file coords-v2.cif (mmCIF, C-alpha atoms)
data_work
#
loop_
_atom_site.label_atom_id
_atom_site.label_comp_id
_atom_site.auth_asym_id
_atom_site.auth_seq_id
_atom_site.Cartn_x
_atom_site.Cartn_y
_atom_site.Cartn_z
CA MET G 7 108.16 -167.25 18.65
CA LYS G 8 106.54 -163.85 18.90
CA GLN G 9 108.87 -162.46 16.22
CA LYS G 10 107.96 -165.23 13.85
CA THR G 11 104.27 -164.49 14.36
CA VAL G 12 104.78 -160.79 13.67
CA PHE G 13 106.73 -161.64 10.55
CA ALA G 14 104.25 -164.22 9.27
CA VAL G 15 101.23 -162.02 9.90
CA SER G 16 102.89 -159.07 8.12
CA ALA G 17 103.83 -161.22 5.14
CA VAL G 18 100.33 -162.64 4.83
CA VAL G 19 98.65 -159.24 5.23
CA LEU G 20 100.90 -157.67 2.58
CA LEU G 21 100.23 -160.52 0.15
CA LEU G 22 96.49 -160.32 0.73
CA VAL G 23 96.52 -156.56 0.15
CA PHE G 24 98.42 -157.18 -3.08
CA VAL G 25 95.99 -159.82 -4.33
CA ALA G 26 92.92 -157.80 -3.31
CA GLY G 27 94.38 -154.74 -5.02
CA ALA G 28 95.09 -156.71 -8.18
CA LEU G 29 91.55 -158.10 -8.29
CA TYR G 30 90.02 -154.70 -7.64
CA TYR G 31 92.18 -153.08 -10.29
CA ALA G 32 91.32 -155.74 -12.88
CA GLY G 33 87.61 -155.24 -12.17
CA GLN G 34 87.88 -151.47 -12.51
CA ARG G 35 89.85 -151.79 -15.71
CA GLU G 36 87.31 -154.17 -17.23
CA LYS G 37 84.51 -151.76 -16.38
CA ALA G 38 86.44 -148.81 -17.86
CA ALA G 39 87.25 -150.80 -21.03
CA ASN G 40 83.58 -151.69 -21.48
CA GLN G 41 82.52 -148.08 -21.01
CA LEU G 42 85.18 -146.86 -23.42
CA ALA G 43 84.11 -149.36 -26.08
CA GLU G 44 80.46 -148.48 -25.50
CA ALA G 45 81.15 -144.76 -25.89
CA ASN G 46 83.22 -145.25 -29.04
CA ARG G 47 81.15 -147.78 -30.98
CA THR G 48 81.35 -145.68 -34.13
CA VAL G 49 85.14 -145.94 -34.45
CA LEU G 50 85.24 -149.71 -33.93
CA VAL G 51 84.52 -150.53 -37.57
CA ARG G 52 85.44 -148.37 -40.54
CA MET G 53 84.27 -148.65 -44.13
CA HIS G 54 87.81 -149.36 -45.27
CA SER G 55 88.43 -152.31 -42.96
CA PRO G 56 89.11 -155.75 -44.48
CA THR G 57 86.30 -158.14 -43.60
CA LEU G 58 85.96 -161.90 -43.65
CA GLY G 59 82.67 -163.78 -43.40
CA LYS G 60 79.06 -162.99 -44.20
CA ALA G 61 78.15 -159.31 -43.92
CA ASP G 62 74.98 -160.08 -41.93
CA ALA G 63 76.59 -162.58 -39.55
CA PRO G 64 75.17 -162.14 -36.04
CA VAL G 65 78.59 -162.08 -34.37
CA THR G 66 81.23 -159.55 -35.38
CA ILE G 67 84.75 -159.93 -34.09
CA VAL G 68 86.82 -156.78 -34.53
CA GLU G 69 90.48 -157.64 -34.28
CA PHE G 70 93.27 -155.11 -33.95
CA ILE G 71 96.12 -156.95 -35.60
CA ASP G 72 99.81 -156.40 -36.16
CA PRO G 73 101.09 -158.80 -38.82
CA ALA G 74 104.49 -158.84 -37.06
CA CYS G 75 103.01 -159.79 -33.69
CA GLU G 76 103.62 -163.38 -32.65
CA THR G 77 100.47 -163.74 -30.58
CA CYS G 78 98.41 -162.44 -33.53
CA ALA G 79 99.92 -165.18 -35.69
CA ALA G 80 99.17 -167.79 -33.01
CA PHE G 81 95.55 -166.65 -32.59
CA TYR G 82 94.72 -166.29 -36.28
CA PRO G 83 94.21 -170.03 -37.01
CA LEU G 84 92.17 -170.38 -33.81
CA VAL G 85 89.83 -167.61 -34.92
CA LYS G 86 89.54 -169.26 -38.34
CA GLN G 87 88.65 -172.56 -36.63
CA MET G 88 85.99 -170.79 -34.62
CA MET G 89 84.54 -169.36 -37.84
CA ALA G 90 84.58 -172.79 -39.49
CA ALA G 91 82.81 -174.33 -36.49
CA ASN G 92 80.02 -171.74 -36.75
CA PRO G 93 79.47 -171.27 -40.48
CA ASP G 94 77.89 -167.94 -41.52
CA LYS G 95 77.64 -166.90 -37.89
CA ILE G 96 80.90 -165.03 -37.42
CA ARG G 97 82.32 -162.07 -39.28
CA VAL G 98 85.86 -160.84 -38.66
CA VAL G 99 86.80 -157.21 -39.24
CA LEU G 100 90.50 -156.41 -39.17
CA ARG G 101 91.91 -153.16 -37.90
CA TYR G 102 95.60 -152.43 -38.24
CA ALA G 103 97.72 -151.81 -35.19
CA PRO G 104 101.28 -151.97 -36.55
CA PHE G 105 103.05 -151.40 -33.24
CA HIS G 106 106.25 -153.26 -34.17
CA PRO G 107 108.93 -151.21 -35.93
CA GLY G 108 108.71 -151.70 -39.71
CA SER G 109 105.30 -153.28 -39.45
CA ASP G 110 103.49 -150.28 -40.94
CA LYS G 111 105.37 -150.93 -44.20
CA VAL G 112 104.14 -154.51 -44.18
CA VAL G 113 100.57 -153.32 -43.59
CA ALA G 114 100.94 -150.90 -46.50
CA MET G 115 102.07 -153.84 -48.62
CA LEU G 116 98.99 -155.81 -47.55
CA GLU G 117 96.77 -152.91 -48.52
CA ALA G 118 98.41 -152.83 -51.96
CA VAL G 119 97.90 -156.60 -52.25
CA ARG G 120 94.28 -156.07 -51.29
CA ARG G 121 93.73 -154.00 -54.45
CA GLN G 122 94.54 -157.17 -56.36
CA GLY G 123 92.04 -159.15 -54.34
CA LYS G 124 94.62 -161.33 -52.61
CA PHE G 125 94.56 -159.81 -49.14
CA TRP G 126 93.60 -162.88 -47.12
CA PRO G 127 95.97 -165.36 -48.81
CA ALA G 128 98.80 -162.82 -48.42
CA LEU G 129 97.99 -162.25 -44.75
CA GLU G 130 97.88 -165.99 -44.15
CA VAL G 131 101.25 -166.52 -45.84
CA LEU G 132 102.76 -163.71 -43.78
CA LEU G 133 101.39 -164.97 -40.48
CA ALA G 134 102.31 -168.59 -41.17
CA ASN G 135 105.91 -167.65 -42.07
CA GLN G 136 106.30 -164.79 -39.66
CA ALA G 137 109.68 -165.94 -38.36
CA ALA G 138 111.12 -165.58 -41.88
CA TRP G 139 110.55 -161.83 -42.03
CA THR G 140 110.68 -160.67 -38.44
CA GLU G 141 113.64 -160.52 -36.14
CA ASN G 142 113.77 -159.32 -32.56
CA HIS G 143 110.24 -157.91 -32.83
CA ARG G 144 111.24 -155.91 -35.87
CA ALA G 145 109.58 -156.37 -39.26
CA ASN G 146 111.70 -156.56 -42.37
CA PRO G 147 109.48 -155.32 -45.25
CA GLU G 148 111.82 -156.58 -48.00
CA ARG G 149 111.72 -160.10 -46.64
CA ALA G 150 107.95 -159.87 -46.17
CA TRP G 151 107.69 -158.79 -49.81
CA LYS G 152 109.54 -161.98 -50.82
CA GLN G 153 107.02 -164.05 -48.88
CA VAL G 154 104.02 -162.78 -50.84
CA GLU G 155 105.70 -162.89 -54.25
CA GLY G 156 104.73 -166.53 -54.58
CA ILE G 157 100.95 -166.08 -54.41
CA GLY G 158 100.64 -164.71 -57.94
CA LEU G 159 100.64 -160.95 -57.77
CA ASN G 160 101.30 -158.27 -60.30
CA MET G 161 104.33 -156.91 -58.50
CA GLU G 162 104.68 -153.87 -60.76
CA GLN G 163 101.11 -152.84 -60.08
CA MET G 164 101.72 -153.44 -56.39
CA ALA G 165 104.80 -151.19 -56.30
CA PHE G 166 102.68 -148.50 -57.95
CA ASP G 167 99.73 -148.95 -55.55
CA LEU G 168 102.07 -148.72 -52.57
CA THR G 169 102.64 -145.05 -53.34
CA SER G 170 98.94 -144.20 -53.21
CA PRO G 171 98.06 -141.78 -50.42
CA GLY G 172 94.92 -143.77 -49.54
CA ILE G 173 97.00 -146.50 -47.94
CA GLY G 174 98.77 -144.16 -45.55
CA SER G 175 95.51 -142.62 -44.40
CA VAL G 176 93.95 -146.05 -43.74
CA ILE G 177 96.84 -146.95 -41.44
CA GLN G 178 96.75 -143.57 -39.75
CA GLN G 179 92.99 -143.80 -39.16
CA ASP G 180 93.33 -147.29 -37.66
CA LEU G 181 96.13 -146.18 -35.34
CA GLU G 182 94.04 -143.20 -34.26
CA ASP G 183 91.05 -145.43 -33.54
CA ALA G 184 93.29 -147.82 -31.61
CA LYS G 185 94.33 -144.89 -29.46
CA THR G 186 90.73 -143.82 -28.92
CA LEU G 187 89.79 -147.35 -27.84
CA ASN G 188 92.92 -147.63 -25.68
CA VAL G 189 94.27 -150.56 -27.68
CA THR G 190 97.91 -150.74 -26.63
CA MET G 191 98.66 -154.40 -27.24
CA THR G 192 97.90 -156.80 -30.08
CA PRO G 193 95.87 -158.78 -30.76
CA GLU G 194 92.93 -156.98 -29.20
CA TYR G 195 89.42 -158.26 -29.83
CA PHE G 196 85.97 -156.74 -29.57
CA VAL G 197 83.05 -159.16 -29.89
CA ASN G 198 79.88 -157.31 -30.93
CA GLY G 199 81.46 -154.21 -29.48
CA LYS G 200 82.56 -155.76 -26.19
CA PRO G 201 86.24 -155.93 -25.24
CA LEU G 202 87.76 -159.08 -23.73
CA PRO G 203 87.41 -159.17 -19.92
CA SER G 204 91.08 -160.17 -19.81
CA PHE G 205 93.44 -161.37 -22.47
CA GLY G 206 93.29 -164.99 -23.61
CA PHE G 207 91.74 -167.27 -26.22
CA GLU G 208 89.33 -168.79 -23.70
CA GLN G 209 88.00 -165.32 -22.92
CA LEU G 210 87.53 -164.64 -26.63
CA LYS G 211 85.77 -167.95 -27.11
CA GLY G 212 83.57 -167.21 -24.09
CA LEU G 213 82.46 -163.85 -25.51
CA VAL G 214 81.76 -165.39 -28.94
CA GLU G 215 79.74 -168.24 -27.43
CA GLN G 216 77.79 -165.76 -25.34
CA ALA G 217 77.04 -163.68 -28.44
CA LEU G 218 76.00 -166.80 -30.37
CA ALA G 219 73.71 -167.86 -27.55
CA GLU G 220 72.12 -164.40 -27.42
CA ASN G 221 71.50 -164.64 -31.13
CA ARG G 222 69.89 -168.08 -30.82
CA ALA G 223 67.63 -166.86 -28.05
CA ARG G 224 66.26 -164.12 -30.25
CA MET L 17 130.28 -144.68 20.12
CA SER L 18 129.40 -147.13 22.81
CA ALA L 19 126.73 -149.68 22.08
CA PRO L 20 123.82 -149.14 24.40
CA ALA L 21 122.95 -152.08 26.60
CA THR L 22 119.95 -153.78 25.12
CA SER L 23 117.88 -156.80 25.76
CA ASP L 24 120.74 -159.25 25.81
CA PHE L 25 119.81 -160.20 29.34
CA HIS L 26 116.19 -160.93 28.55
CA PRO L 27 116.19 -163.88 26.17
CA GLY L 28 112.43 -163.63 25.49
CA ALA L 29 112.36 -159.93 24.58
CA THR L 30 112.73 -158.63 21.05
CA PRO L 31 116.09 -156.90 20.51
CA ILE L 32 115.85 -153.39 19.10
CA GLY L 33 118.03 -154.47 16.18
CA TRP L 34 115.46 -157.07 15.18
CA THR L 35 112.70 -154.48 15.12
CA LEU L 36 114.83 -152.12 13.02
CA THR L 37 115.76 -154.81 10.52
CA PHE L 38 112.15 -155.99 10.46
CA SER L 39 111.06 -152.43 9.62
CA ALA L 40 113.58 -152.39 6.77
CA TRP L 41 112.13 -155.71 5.60
CA LEU L 42 108.62 -154.25 5.69
CA ILE L 43 109.67 -151.32 3.50
CA ALA L 44 111.52 -153.58 1.07
CA THR L 45 108.52 -155.91 0.81
CA VAL L 46 106.01 -153.10 0.31
CA SER L 47 108.29 -151.60 -2.35
CA THR L 48 108.72 -154.94 -4.09
CA LEU L 49 105.00 -155.64 -4.13
CA GLY L 50 104.37 -152.07 -5.25
CA ALA L 51 106.81 -152.45 -8.15
CA LEU L 52 105.18 -155.76 -9.10
CA PHE L 53 101.75 -154.13 -8.93
CA LEU L 54 102.81 -151.30 -11.25
CA GLY L 55 104.52 -153.69 -13.65
CA GLU L 56 102.37 -156.81 -13.64
CA VAL L 57 98.93 -155.58 -12.65
CA MET L 58 98.82 -152.07 -14.09
CA GLY L 59 100.95 -153.08 -17.04
CA TYR L 60 103.60 -150.33 -16.91
CA THR L 61 106.72 -151.52 -18.69
CA PRO L 62 109.72 -150.90 -16.42
CA CYS L 63 112.46 -148.82 -18.05
CA VAL L 64 116.13 -149.80 -17.79
CA LEU L 65 116.79 -147.73 -14.66
CA CYS L 66 113.68 -149.20 -13.01
CA TRP L 67 115.08 -152.65 -13.65
CA TYR L 68 118.37 -151.79 -11.96
CA GLN L 69 116.46 -150.52 -8.93
CA ARG L 70 114.40 -153.70 -8.90
CA ILE L 71 117.60 -155.74 -9.02
CA ALA L 72 118.67 -154.01 -5.80
CA MET L 73 115.26 -154.03 -4.09
CA PHE L 74 113.89 -157.53 -4.70
CA PRO L 75 116.76 -159.50 -3.08
CA LEU L 76 116.53 -157.33 0.04
CA VAL L 77 113.25 -159.04 0.89
CA LEU L 78 115.00 -162.41 1.08
CA VAL L 79 118.35 -161.23 2.47
CA LEU L 80 116.67 -159.34 5.31
CA THR L 81 114.40 -162.30 6.06
CA ALA L 82 117.48 -164.49 6.41
CA GLY L 83 118.92 -161.95 8.83
CA LEU L 84 115.79 -161.96 10.99
CA PHE L 85 115.63 -165.70 11.78
CA PRO L 86 117.70 -166.01 13.87
CA PHE L 87 118.51 -162.32 14.20
CA ASP L 88 122.00 -161.62 12.93
CA ARG L 89 123.27 -158.05 12.98
CA ARG L 90 125.77 -158.91 10.25
CA VAL L 91 122.84 -158.83 7.82
CA VAL L 92 123.70 -155.12 7.56
CA ARG L 93 126.97 -156.06 5.85
CA TYR L 94 125.07 -157.94 3.16
CA ALA L 95 122.05 -155.73 2.76
CA LEU L 96 123.58 -152.25 2.96
CA PRO L 97 125.69 -152.46 -0.26
CA LEU L 98 122.58 -153.51 -2.22
CA THR L 99 120.60 -150.69 -0.63
CA LEU L 100 123.22 -148.06 -1.43
CA ALA L 101 123.56 -149.28 -5.02
CA GLY L 102 119.79 -149.07 -5.42
CA LEU L 103 119.75 -145.62 -3.84
CA GLY L 104 122.42 -144.47 -6.29
CA VAL L 105 120.40 -145.60 -9.31
CA ALA L 106 117.21 -144.14 -7.85
CA LEU L 107 118.88 -140.77 -7.30
CA PHE L 108 120.20 -140.82 -10.85
CA HIS L 109 116.71 -141.63 -12.10
CA LEU L 110 115.20 -138.82 -10.06
CA ALA L 111 117.80 -136.37 -11.37
CA LEU L 112 116.98 -137.52 -14.90
CA ILE L 113 113.25 -136.88 -14.69
CA ALA L 114 113.86 -133.61 -12.87
CA GLY L 115 115.99 -132.52 -15.83
CA TRP L 116 119.18 -132.01 -13.83
CA ILE L 117 120.96 -134.43 -16.10
CA PRO L 118 121.00 -133.48 -19.79
CA GLU L 119 119.10 -135.60 -22.29
CA SER L 120 122.23 -136.71 -24.13
CA ILE L 121 123.56 -138.97 -21.39
CA LYS L 122 120.29 -140.79 -20.84
CA PRO L 123 121.14 -144.47 -20.73
CA CYS L 124 117.92 -145.60 -22.43
CA GLN L 125 117.79 -145.59 -26.20
CA GLN L 126 115.30 -148.29 -26.92
CA GLY L 127 111.98 -149.28 -25.50
CA VAL L 128 110.67 -147.24 -22.62
CA PRO L 129 112.48 -143.95 -22.02
CA CYS L 130 113.40 -143.47 -18.37
CA SER L 131 112.66 -139.75 -18.54
CA ASP L 132 109.04 -140.57 -19.35
CA VAL L 133 107.09 -139.94 -16.15
CA LYS L 134 104.35 -142.57 -15.92
CA ALA L 135 102.58 -141.57 -12.78
CA ILE L 136 102.45 -138.62 -10.41
CA TRP L 137 100.51 -138.77 -7.18
CA PHE L 138 99.58 -135.67 -5.13
CA GLY L 139 101.31 -133.50 -7.69
CA PHE L 140 104.90 -134.39 -6.81
CA VAL L 141 105.25 -138.07 -5.85
CA SER L 142 106.70 -139.99 -8.79
CA ILE L 143 107.80 -143.64 -8.90
CA PRO L 144 111.55 -142.77 -8.71
CA LEU L 145 110.84 -140.50 -5.72
CA LEU L 146 109.17 -143.41 -3.92
CA SER L 147 112.19 -145.53 -4.80
CA VAL L 148 114.61 -142.95 -3.36
CA ALA L 149 112.47 -142.75 -0.21
CA SER L 150 112.39 -146.54 0.23
CA PHE L 151 116.11 -147.06 -0.30
CA SER L 152 116.93 -144.13 2.03
CA LEU L 153 114.67 -145.45 4.79
CA ILE L 154 116.09 -148.96 4.45
CA ALA L 155 119.65 -147.59 4.53
CA GLY L 156 118.83 -145.54 7.63
CA LEU L 157 117.24 -148.49 9.41
CA LEU L 158 120.20 -150.74 8.55
CA VAL L 159 122.69 -148.17 9.88
CA ALA L 160 120.57 -147.90 13.03
CA THR L 161 120.59 -151.71 13.34
CA GLN L 162 124.38 -151.63 13.18
CA LEU L 163 124.61 -148.89 15.83
CA LYS L 164 121.96 -150.21 18.19
CA SER L 165 122.84 -153.90 18.23
CA PRO L 166 125.42 -155.21 20.69
CA LYS L 167 128.40 -156.87 19.07
#

call {"tool": "encode", "arguments": {"input": "coords-v2.cif", "output": "structure tokens"}}
result
Amino acid sequence: MKQKTVFAVSAVVLLLVFVAGALYYAGQREKAANQLAEANRTVLVRMHSPTLGKADAPVTIVEFIDPACETCAAFYPLVKQMMAANPDKIRVVLRYAPFHPGSDKVVAMLEAVRRQGKFWPALEVLLANQAAWTENHRANPERAWKQVEGIGLNMEQMAFDLTSPGIGSVIQQDLEDAKTLNVTMTPEYFVNGKPLPSFGFEQLKGLVEQALAENRAR
Amino acid sequence: MSAPATSDFHPGATPIGWTLTFSAWLIATVSTLGALFLGEVMGYTPCVLCWYQRIAMFPLVLVLTAGLFPFDRRVVRYALPLTLAGLGVALFHLALIAGWIPESIKPCQQGVPCSDVKAIWFGFVSIPLLSVASFSLIAGLLVATQLKSPK
């Protein structure tokens, strides 16, 4: 009987220490993430970043996105729904975080597409048909290229634009800023400069609603 | 070696073997929770060698528990091979990050390189070192259980 008590008490104490440690760590990390975002506000949005929504919208969502990332593809329509539910209130700024192998080539392609004014349709096609051009978390740029062919692009012009040095520096700058902001996973969101308290769509929605409410109160 | 007479004659008292195995269980449980904390809470991705050590460490928590209620000294037979296998991998891992084993025979090609040292505490305590320490202590306690428990 005594042995069982010793065992049970030890097990419970160890579990409690684990849970308390996890909660403490999460709190500390949230605080650090907020401070980091606060200290690096200037690198959150760059002039070159693709933007959707009204320029003077009260709520800005900065999203670090990897077109080859499954969760990014799953969240994209949800963010669009949120924008549709709050017309003219939300602006989305995309930052590239091509962490998957081969994904940087796909981002370069998107940047070339952007020069023909078809960035958002191309991105939507790529995200909606992601399984067709990714395999085992690896992007296949040739297959991605085939996906966007159908949206009416000047492919010759695109092949030419792809070689422009501007595209490479945009990707490099975004990756550098991701590093500065400690963005290691995609998608990562910042709502009016604030990072998510923990990852999840509910958390994102919560931050957006909070920002909308603050705007209404003003 | 003759087995020392222990508490066989006092049914209520805790046999020394139980206490030794329980200590091994404590170390295995702390190590398991520690590994889960590093992986799940702090978000470190375990490398291949870490996974092999986890494969040896995690079941010890359950195997040793089964050996404690009721106490069965034969738990050593089941737990010691796992412990020694884990110790072997942990030693290999330690040798790898210390640079005693050349880069070319590193078993990790993809994902997280095992030679990448994620955390160092007090200037010399790394995760593989903690792993070696845990497996060694568990092995020692299990051997002691074997020696100190009456047949």

call {"tool": "resolve_selection", "arguments": {"input": "coords-v2.cif", "expression": "the PyMOL selection byres ((chain G) within 9 of (chain L))", "output": "list of chain:residue names"}}
result
G:Met7, G:Lys8, G:Gln9, G:Lys10, G:Phe13, G:Ser16, G:Ala17, G:Leu20, G:Leu21, G:Phe24, G:Gly27, G:Ala28, G:Leu29, G:Tyr31, G:Ala32

call {"tool": "atom_distance", "arguments": {"input": "coords-v2.cif", "atom1": "CA of Val197 in chain G", "atom2": "CA of Gly55 in chain L"}}
result
27.5 Å

call {"tool": "resolve_selection", "arguments": {"input": "coords-v2.cif", "expression": "the PyMOL selection byres ((chain G and resi 207) around 12)", "output": "ChimeraX atom specification"}}
result
/G:77-78,80-85,88,193-195,202-206,208-214

call {"tool": "atom_distance", "arguments": {"input": "coords-v2.cif", "atom1": "CA of Glu220 in chain G", "atom2": "CA of Ile71 in chain G"}}
result
26.4 Å

call {"tool": "residues_around", "arguments": {"input": "coords-v2.cif", "residues": "Ser175 in chain G", "least_positions_apart": "4", "cutoff": "12 Å", "atoms": "all atoms listed in the file", "output": "VMD selection string"}}
result
chain G and resid 54 102 110 113 to 114 117 169 to 171 179 to 182

call {"tool": "write_last_selection", "arguments": {"input": "coords-v2.cif", "atoms": "C-alpha atoms", "output": "PDB file, in the coordinates of the input"}}
result
ATOM      1  CA  HIS G  54      87.810-149.360 -45.270  1.00  0.00           C
ATOM      2  CA  TYR G 102      95.600-152.430 -38.240  1.00  0.00           C
ATOM      3  CA  ASP G 110     103.490-150.280 -40.940  1.00  0.00           C
ATOM      4  CA  VAL G 113     100.570-153.320 -43.590  1.00  0.00           C
ATOM      5  CA  ALA G 114     100.940-150.900 -46.500  1.00  0.00           C
ATOM      6  CA  GLU G 117      96.770-152.910 -48.520  1.00  0.00           C
ATOM      7  CA  THR G 169     102.640-145.050 -53.340  1.00  0.00           C
ATOM      8  CA  SER G 170      98.940-144.200 -53.210  1.00  0.00           C
ATOM      9  CA  PRO G 171      98.060-141.780 -50.420  1.00  0.00           C
ATOM     10  CA  GLN G 179      92.990-143.800 -39.160  1.00  0.00           C
ATOM     11  CA  ASP G 180      93.330-147.290 -37.660  1.00  0.00           C
ATOM     12  CA  LEU G 181      96.130-146.180 -35.340  1.00  0.00           C
ATOM     13  CA  GLU G 182      94.040-143.200 -34.260  1.00  0.00           C
TER      14      GLU G 182
END

call {"tool": "residues_around", "arguments": {"input": "coords-v2.cif", "residues": "Arg97 in chain G", "least_positions_apart": "5", "cutoff": "12 Å", "atoms": "all atoms listed in the file", "output": "PyMOL selection string"}}
result
chain G and resi 51+56-69+85-86+88-90+92+196-198+214+218

call {"tool": "atom_distance", "arguments": {"input": "coords-v2.cif", "atom1": "CA of Ile136 in chain L", "atom2": "CA of Ala26 in chain G"}}
result
22.6 Å

call {"tool": "axis_aligned_box", "arguments": {"input": "coords-v2.cif", "around": "range 104-107 of chain L", "padding_each_side": "3 Å", "output": "JSON"}}
result
{"center_x": 119.8, "center_y": -143.2, "center_z": -7.8, "size_x": 11.2, "size_y": 10.8, "size_z": 9.0}

call {"tool": "resolve_selection", "arguments": {"input": "coords-v2.cif", "expression": "the PyMOL selection byres ((chain L and resi 155-158) around 12)", "output": "mmCIF file with C-alpha atoms, in the frame of the given file"}}
result
data_model
loop_
_atom_site.group_PDB
_atom_site.id
_atom_site.type_symbol
_atom_site.label_atom_id
_atom_site.label_comp_id
_atom_site.auth_asym_id
_atom_site.auth_seq_id
_atom_site.Cartn_x
_atom_site.Cartn_y
_atom_site.Cartn_z
ATOM 1 C CA ILE L 32 115.850 -153.390 19.100
ATOM 2 C CA GLY L 33 118.030 -154.470 16.180
ATOM 3 C CA TRP L 34 115.460 -157.070 15.180
ATOM 4 C CA THR L 35 112.700 -154.480 15.120
ATOM 5 C CA LEU L 36 114.830 -152.120 13.020
ATOM 6 C CA THR L 37 115.760 -154.810 10.520
ATOM 7 C CA PHE L 38 112.150 -155.990 10.460
ATOM 8 C CA SER L 39 111.060 -152.430 9.620
ATOM 9 C CA ALA L 40 113.580 -152.390 6.770
ATOM 10 C CA TRP L 41 112.130 -155.710 5.600
ATOM 11 C CA LEU L 42 108.620 -154.250 5.690
ATOM 12 C CA ILE L 43 109.670 -151.320 3.500
ATOM 13 C CA ALA L 44 111.520 -153.580 1.070
ATOM 14 C CA MET L 73 115.260 -154.030 -4.090
ATOM 15 C CA LEU L 76 116.530 -157.330 0.040
ATOM 16 C CA LEU L 80 116.670 -159.340 5.310
ATOM 17 C CA GLY L 83 118.920 -161.950 8.830
ATOM 18 C CA ASP L 88 122.000 -161.620 12.930
ATOM 19 C CA ARG L 89 123.270 -158.050 12.980
ATOM 20 C CA ARG L 90 125.770 -158.910 10.250
ATOM 21 C CA VAL L 91 122.840 -158.830 7.820
ATOM 22 C CA VAL L 92 123.700 -155.120 7.560
ATOM 23 C CA ARG L 93 126.970 -156.060 5.850
ATOM 24 C CA TYR L 94 125.070 -157.940 3.160
ATOM 25 C CA ALA L 95 122.050 -155.730 2.760
ATOM 26 C CA LEU L 96 123.580 -152.250 2.960
ATOM 27 C CA PRO L 97 125.690 -152.460 -0.260
ATOM 28 C CA LEU L 98 122.580 -153.510 -2.220
ATOM 29 C CA THR L 99 120.600 -150.690 -0.630
ATOM 30 C CA LEU L 100 123.220 -148.060 -1.430
ATOM 31 C CA ALA L 101 123.560 -149.280 -5.020
ATOM 32 C CA GLY L 102 119.790 -149.070 -5.420
ATOM 33 C CA LEU L 103 119.750 -145.620 -3.840
ATOM 34 C CA GLY L 104 122.420 -144.470 -6.290
ATOM 35 C CA VAL L 148 114.610 -142.950 -3.360
ATOM 36 C CA ALA L 149 112.470 -142.750 -0.210
ATOM 37 C CA SER L 150 112.390 -146.540 0.230
ATOM 38 C CA PHE L 151 116.110 -147.060 -0.300
ATOM 39 C CA SER L 152 116.930 -144.130 2.030
ATOM 40 C CA LEU L 153 114.670 -145.450 4.790
ATOM 41 C CA ILE L 154 116.090 -148.960 4.450
ATOM 42 C CA VAL L 159 122.690 -148.170 9.880
ATOM 43 C CA ALA L 160 120.570 -147.900 13.030
ATOM 44 C CA THR L 161 120.590 -151.710 13.340
ATOM 45 C CA GLN L 162 124.380 -151.630 13.180
ATOM 46 C CA LEU L 163 124.610 -148.890 15.830
ATOM 47 C CA LYS L 164 121.960 -150.210 18.190
ATOM 48 C CA SER L 165 122.840 -153.900 18.230
#

call {"tool": "residues_around", "arguments": {"input": "coords-v2.cif", "residues": "range 38-42 of chain G", "least_positions_apart": "4", "cutoff": "7 Å", "atoms": "all atoms listed in the file", "output": "mmCIF file with C-alpha atoms, keeping the file's coordinate frame"}}
result
data_model
loop_
_atom_site.group_PDB
_atom_site.id
_atom_site.type_symbol
_atom_site.label_atom_id
_atom_site.label_comp_id
_atom_site.auth_asym_id
_atom_site.auth_seq_id
_atom_site.Cartn_x
_atom_site.Cartn_y
_atom_site.Cartn_z
ATOM 1 C CA GLN G 34 87.880 -151.470 -12.510
ATOM 2 C CA ASN G 46 83.220 -145.250 -29.040
ATOM 3 C CA LEU G 187 89.790 -147.350 -27.840
ATOM 4 C CA LYS G 200 82.560 -155.760 -26.190
ATOM 5 C CA PRO G 201 86.240 -155.930 -25.240
#

call {"tool": "residues_around", "arguments": {"input": "coords-v2.cif", "residues": "Met164 in chain G", "least_positions_apart": "5", "cutoff": "10 Å", "atoms": "only C-alpha atoms", "output": "VMD selection string"}}
result
chain G and resid 115 to 122 159 169

call {"tool": "residues_around", "arguments": {"input": "coords-v2.cif", "residues": "range 134-139 of chain G", "least_positions_apart": "2", "cutoff": "6 Å", "atoms": "only C-alpha atoms", "output": "tab-separated table (two decimals) with C-alpha atoms, in the coordinates of the input"}}
result
chain	number	residue	atom	x	y	z
G	130	GLU	CA	97.88	-165.99	-44.15
G	131	VAL	CA	101.25	-166.52	-45.84
G	132	LEU	CA	102.76	-163.71	-43.78
G	146	ASN	CA	111.70	-156.56	-42.37
G	149	ARG	CA	111.72	-160.10	-46.64
G	150	ALA	CA	107.95	-159.87	-46.17

call {"tool": "closest_residue", "arguments": {"input": "coords-v2.cif", "among": "L:Val141, L:Val105, L:Trp67, L:Gly59", "to": "Met191 in chain G", "atoms": "all atoms listed in the file"}}
result
L:Gly59
